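Student: Before we start, here is the structure in question, set down as structure tokens.
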Amino acid sequence: MTQPDALASARLYLCTDARKRQGDFEDFVDAAFEGGVDIIQLRDKTLEAAEELEMLAVLRSVAQRHGRLWAVNDRADVASISGAPVFHIGQKDLPLTAARTLLPNVTAIGLSTHTPEQIDAAVATAQGPLGLDYFCVGPVWATPTKPGRAAVGTELVTYAAEALKRSRGEVTLPWFAIGGIDHSNVEQVVAAGASRIVVVRAITEATDPTAAAKSLLQALDTV
């Protein structure tokens, strides 16, 4: 499967820290991929660049073994050096145009969105070779992984789904709901119009990451 096809078919996206406390990063990401996770992003603000590159080398090896994607958050220099196939930015991070100048053309770039206006801008930016490759909508519910960020609710998830419908097929842009999503509420996100999700604690805090991933995918299969 080519990288664009892998992104287009991705449904379950996991963000994880380096798991310093558990000391099981390689085993954990292997278990998550085994359960069906399509993309794993290493997001750990405590890491220095050199340490992050070491962890990304581990993630890259495991991802390639499973034939899955992996991602870098915020730092285009780290993404470029590590050869990350996916790079993610926030609204206040490096602008998309700047990221494109620093990364290979094959790198998929995603963007976080939190308002209808930001969703509309993301959909508009998808046009052309220098556009976005995916976007995320959230946080749907308040989450400690994004302290101070107000929840947007499932209404914004529905708005995103309708925004793509309004393009009448002119824009095919994968998008993911994110923020506080777990086994207790994933069906609400699906009902609101999402077919792809980003999770953190639903898998990182699970006693069995493989089973947790499989369970979330089963919920998405109701789409």
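By order in the structure tokens, chains are A, B, ...; within a chain, residues start at 1; ligands start at 1, following the order shown.
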Report as a list in words all protein, DNA and RNA residues lying within 8 Å of stretch 98-110 of chain A, evaluated on only C-alpha atoms, omitting residues in the same chain fewer than 4 positions from it.

Tutor: Pro4, Ala76, Asp77, Ala79, Ser80, Ala84, Pro85, Val86, Phe87, His88, Ile89, Leu94, Leu130, Leu132, Asp133, Tyr134, Phe135 and Cys136 of chain A

Student: Per residue of stretch 157-190 of chain A within 8 Å of stretch 119-128 of chain A, what are the shortest atom pair and its distance in Å to one decimal, counting only C-alpha atoms, with rows by chain and residue number, as a tab-separated table?

Tutor:
residue	atom	partner	partner_atom	distance
A:Ala160	CA	A:Ile119	CA	6.5
A:Ala163	CA	A:Asp120	CA	7.0
A:Leu164	CA	A:Val123	CA	7.4
A:Val171	CA	A:Ala126	CA	7.0
A:Leu173	CA	A:Ala126	CA	6.9

Student: Go ahead and save the picked residues with all heavy atoms, as a JSON list (two decimals), in the first residue's frame.

Tutor:
[["chain", "number", "residue", "atom", "x", "y", "z"],
["A", 160, "ALA", "N", -17.76, 19.24, 10.48],
["A", 160, "ALA", "CA", -16.68, 18.78, 9.60],
["A", 160, "ALA", "C", -17.21, 17.80, 8.56],
["A", 160, "ALA", "O", -16.84, 17.87, 7.38],
["A", 160, "ALA", "CB", -15.58, 18.12, 10.44],
["A", 163, "ALA", "N", -19.01, 19.74, 5.99],
["A", 163, "ALA", "CA", -18.12, 20.57, 5.18],
["A", 163, "ALA", "C", -17.57, 19.79, 4.00],
["A", 163, "ALA", "O", -17.46, 20.32, 2.88],
["A", 163, "ALA", "CB", -16.98, 21.12, 6.04],
["A", 164, "LEU", "N", -17.24, 18.53, 4.23],
["A", 164, "LEU", "CA", -16.74, 17.70, 3.12],
["A", 164, "LEU", "C", -17.85, 17.37, 2.15],
["A", 164, "LEU", "O", -17.63, 17.31, 0.93],
["A", 164, "LEU", "CB", -16.09, 16.43, 3.67],
["A", 164, "LEU", "CG", -14.59, 16.48, 3.99],
["A", 164, "LEU", "CD1", -13.78, 16.76, 2.73],
["A", 164, "LEU", "CD2", -14.27, 17.52, 5.04],
["A", 171, "VAL", "N", -13.25, 17.78, -2.94],
["A", 171, "VAL", "CA", -12.18, 17.63, -1.95],
["A", 171, "VAL", "C", -12.34, 16.29, -1.25],
["A", 171, "VAL", "O", -13.39, 16.00, -0.67],
["A", 171, "VAL", "CB", -12.22, 18.76, -0.89],
["A", 171, "VAL", "CG1", -11.14, 18.55, 0.15],
["A", 171, "VAL", "CG2", -12.06, 20.12, -1.56],
["A", 173, "LEU", "N", -10.51, 14.68, 1.64],
["A", 173, "LEU", "CA", -9.53, 14.98, 2.66],
["A", 173, "LEU", "C", -9.85, 14.19, 3.93],
["A", 173, "LEU", "O", -10.88, 14.42, 4.56],
["A", 173, "LEU", "CB", -9.55, 16.48, 2.97],
["A", 173, "LEU", "CG", -8.50, 17.02, 3.94],
["A", 173, "LEU", "CD1", -7.10, 16.86, 3.38],
["A", 173, "LEU", "CD2", -8.78, 18.49, 4.24]]

Student: What is the distance, in Å and to one decimal place, between atom CA of A:Thr46 and atom CA of A:Arg65?

Tutor: 27.0 Å

Student: With only C-alpha atoms as the counted atoms, please give the residues lying no more than 7 Å from A:Thr204, apart from itself and same-chain residues fewer than 4 positions off, as a PDB file with N, CA and C atoms, in the first residue's frame.

Tutor:
ATOM      1  N   THR A  16       1.083   9.078  21.639  1.00  0.00           N
ATOM      2  CA  THR A  16       1.649   8.544  22.868  1.00  0.00           C
ATOM      3  C   THR A  16       2.906   9.302  23.257  1.00  0.00           C
ATOM      4  N   VAL A 200      -5.710   8.838  22.851  1.00  0.00           N
ATOM      5  CA  VAL A 200      -4.498   8.796  23.677  1.00  0.00           C
ATOM      6  C   VAL A 200      -4.732   7.782  24.792  1.00  0.00           C
ATOM      7  N   PRO A 209      -3.150  -3.065  25.235  1.00  0.00           N
ATOM      8  CA  PRO A 209      -3.266  -2.119  24.122  1.00  0.00           C
ATOM      9  C   PRO A 209      -3.816  -2.760  22.846  1.00  0.00           C
TER      10      PRO A 209
END

Student: With only C-alpha atoms as the counted atoms, please give the residues lying no more than 8 Å from A:Ile39, apart from itself and same-chain residues fewer than 6 positions off, as a PyMOL selection string.

Tutor: chain A and resi 10+12-14+68-71

Student: Calculated over only C-alpha atoms, which of the candidates A:Val189, A:Thr97, A:Ala49, A:Asp44 has the smallest distance to A:Pro129?

Tutor: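 Closest to A:Pro129 of all the choices is A:Thr97.
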
Student: Just how far from atom CA of A:Ser112 is atom CA of A:Leu47, in Å to one decimal?

Tutor: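 One can read the atom CA of A:Leu47 to atom CA of A:Ser112 distance as 21.5 Å.
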
Student: Choose the residue, out of A:Ser61, A:Thr113, A:Ser195, A:Gln118, that has the smallest atom-to-atom separation from A:Val140; count only C-alpha atoms.

Tutor: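 Using only C-alpha atoms, A:Val140 sits closest to A:Thr113.
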
Student: From the DSSP assignment of the backbone, select every residue of stretch 27-219 of chain A that is strand (DSSP E or B), and format the answer as a PyMOL selection string.

Tutor: chain A and resi 39-42+69-73+86-89+108-113+134-137+175-178+197-199

Student: Residues as selected, N, CA and C atoms, written as a JSON list (two decimals), in the first residue's frame, can you do that?

Tutor:
[["chain", "number", "residue", "atom", "x", "y", "z"],
["A", 39, "ILE", "N", -1.80, 4.74, 12.59],
["A", 39, "ILE", "CA", -0.76, 5.77, 12.71],
["A", 39, "ILE", "C", -0.44, 5.96, 14.19],
["A", 40, "ILE", "N", 0.84, 6.03, 14.52],
["A", 40, "ILE", "CA", 1.24, 6.37, 15.89],
["A", 40, "ILE", "C", 2.12, 7.61, 15.83],
["A", 41, "GLN", "N", 1.72, 8.59, 16.61],
["A", 41, "GLN", "CA", 2.49, 9.83, 16.73],
["A", 41, "GLN", "C", 3.18, 9.87, 18.09],
["A", 42, "LEU", "N", 4.48, 10.14, 18.08],
["A", 42, "LEU", "CA", 5.20, 10.36, 19.32],
["A", 42, "LEU", "C", 5.05, 11.84, 19.68],
["A", 69, "LEU", "N", 1.92, 3.64, 9.42],
["A", 69, "LEU", "CA", 2.48, 4.98, 9.40],
["A", 69, "LEU", "C", 2.87, 5.44, 10.80],
["A", 70, "TRP", "N", 3.78, 6.42, 10.85],
["A", 70, "TRP", "CA", 4.16, 7.02, 12.12],
["A", 70, "TRP", "C", 4.36, 8.51, 11.91],
["A", 71, "ALA", "N", 4.26, 9.27, 12.99],
["A", 71, "ALA", "CA", 4.18, 10.72, 12.85],
["A", 71, "ALA", "C", 5.03, 11.46, 13.88],
["A", 72, "VAL", "N", 5.42, 12.66, 13.48],
["A", 72, "VAL", "CA", 6.14, 13.60, 14.34],
["A", 72, "VAL", "C", 5.24, 14.81, 14.56],
["A", 73, "ASN", "N", 5.26, 15.35, 15.77],
["A", 73, "ASN", "CA", 4.43, 16.50, 16.12],
["A", 73, "ASN", "C", 5.29, 17.76, 16.25],
["A", 86, "VAL", "N", 4.64, 11.22, 8.24],
["A", 86, "VAL", "CA", 3.53, 12.08, 8.63],
["A", 86, "VAL", "C", 4.04, 13.14, 9.61],
["A", 87, "PHE", "N", 3.59, 14.39, 9.40],
["A", 87, "PHE", "CA", 3.96, 15.50, 10.27],
["A", 87, "PHE", "C", 2.69, 16.24, 10.65],
["A", 88, "HIS", "N", 2.56, 16.56, 11.95],
["A", 88, "HIS", "CA", 1.34, 17.23, 12.42],
["A", 88, "HIS", "C", 1.66, 18.58, 13.04],
["A", 89, "ILE", "N", 0.81, 19.56, 12.72],
["A", 89, "ILE", "CA", 0.99, 20.91, 13.25],
["A", 89, "ILE", "C", -0.32, 21.41, 13.86],
["A", 108, "ALA", "N", 3.26, 13.59, 4.44],
["A", 108, "ALA", "CA", 1.87, 13.99, 4.67],
["A", 108, "ALA", "C", 1.82, 14.94, 5.86],
["A", 109, "ILE", "N", 1.09, 16.04, 5.70],
["A", 109, "ILE", "CA", 0.99, 17.04, 6.76],
["A", 109, "ILE", "C", -0.46, 17.17, 7.21],
["A", 110, "GLY", "N", -0.65, 17.14, 8.53],
["A", 110, "GLY", "CA", -1.98, 17.30, 9.11],
["A", 110, "GLY", "C", -2.05, 18.51, 10.00],
["A", 111, "LEU", "N", -3.26, 19.00, 10.26],
["A", 111, "LEU", "CA", -3.47, 20.23, 11.01],
["A", 111, "LEU", "C", -4.61, 20.05, 12.01],
["A", 112, "SER", "N", -4.43, 20.61, 13.21],
["A", 112, "SER", "CA", -5.51, 20.62, 14.20],
["A", 112, "SER", "C", -6.47, 21.76, 13.91],
["A", 113, "THR", "N", -7.77, 21.51, 14.05],
["A", 113, "THR", "CA", -8.77, 22.56, 13.90],
["A", 113, "THR", "C", -9.71, 22.54, 15.10],
["A", 134, "TYR", "N", -4.50, 15.90, 5.76],
["A", 134, "TYR", "CA", -5.58, 15.51, 6.67],
["A", 134, "TYR", "C", -5.73, 16.61, 7.72],
["A", 135, "PHE", "N", -6.82, 16.57, 8.46],
["A", 135, "PHE", "CA", -6.97, 17.49, 9.59],
["A", 135, "PHE", "C", -7.68, 16.78, 10.73],
["A", 136, "CYS", "N", -7.54, 17.34, 11.93],
["A", 136, "CYS", "CA", -8.18, 16.81, 13.12],
["A", 136, "CYS", "C", -9.16, 17.84, 13.66],
["A", 137, "VAL", "N", -10.23, 17.37, 14.27],
["A", 137, "VAL", "CA", -11.29, 18.22, 14.80],
["A", 137, "VAL", "C", -11.44, 17.94, 16.29],
["A", 175, "TRP", "N", -10.15, 13.17, 7.70],
["A", 175, "TRP", "CA", -10.17, 13.96, 8.93],
["A", 175, "TRP", "C", -10.52, 13.06, 10.10],
["A", 176, "PHE", "N", -10.02, 13.45, 11.26],
["A", 176, "PHE", "CA", -10.13, 12.64, 12.47],
["A", 176, "PHE", "C", -10.74, 13.47, 13.60],
["A", 177, "ALA", "N", -11.64, 12.89, 14.35],
["A", 177, "ALA", "CA", -12.12, 13.49, 15.59],
["A", 177, "ALA", "C", -11.11, 13.18, 16.69],
["A", 178, "ILE", "N", -10.88, 14.13, 17.58],
["A", 178, "ILE", "CA", -9.87, 13.96, 18.62],
["A", 178, "ILE", "C", -10.33, 14.64, 19.91],
["A", 197, "ILE", "N", -10.72, 8.41, 14.16],
["A", 197, "ILE", "CA", -10.50, 9.03, 15.47],
["A", 197, "ILE", "C", -9.03, 9.02, 15.85],
["A", 198, "VAL", "N", -8.68, 9.99, 16.70],
["A", 198, "VAL", "CA", -7.38, 10.01, 17.36],
["A", 198, "VAL", "C", -7.62, 9.77, 18.84],
["A", 199, "VAL", "N", -6.85, 8.88, 19.43],
["A", 199, "VAL", "CA", -7.00, 8.59, 20.86],
["A", 199, "VAL", "C", -5.64, 8.67, 21.54]]

Student: Tell me which protein, DNA and RNA residues are within 10 Å of A:Gly153, counting only C-alpha atoms, leaving out same-chain ones fewer than 2 positions away, and put them as a VMD selection string.

Tutor: chain A and resid 137 to 142 150 to 151 155 to 158 179 189 192

Student: Mind giving me the straight-line distance from atom CA of A:Ile203 to atom CA of A:Arg19 in Å, one decimal?

Tutor: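 Separation of atom CA of A:Ile203 and atom CA of A:Arg19: 12.4 Å.
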
Student: Have a look at A:Gly193, A:Ile81, A:Glu205, A:His183 and name the one nearest to A:Gln22; count only C-alpha atoms.

Tutor: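 The shortest atom-to-atom distance to A:Gln22 comes from A:Glu205.
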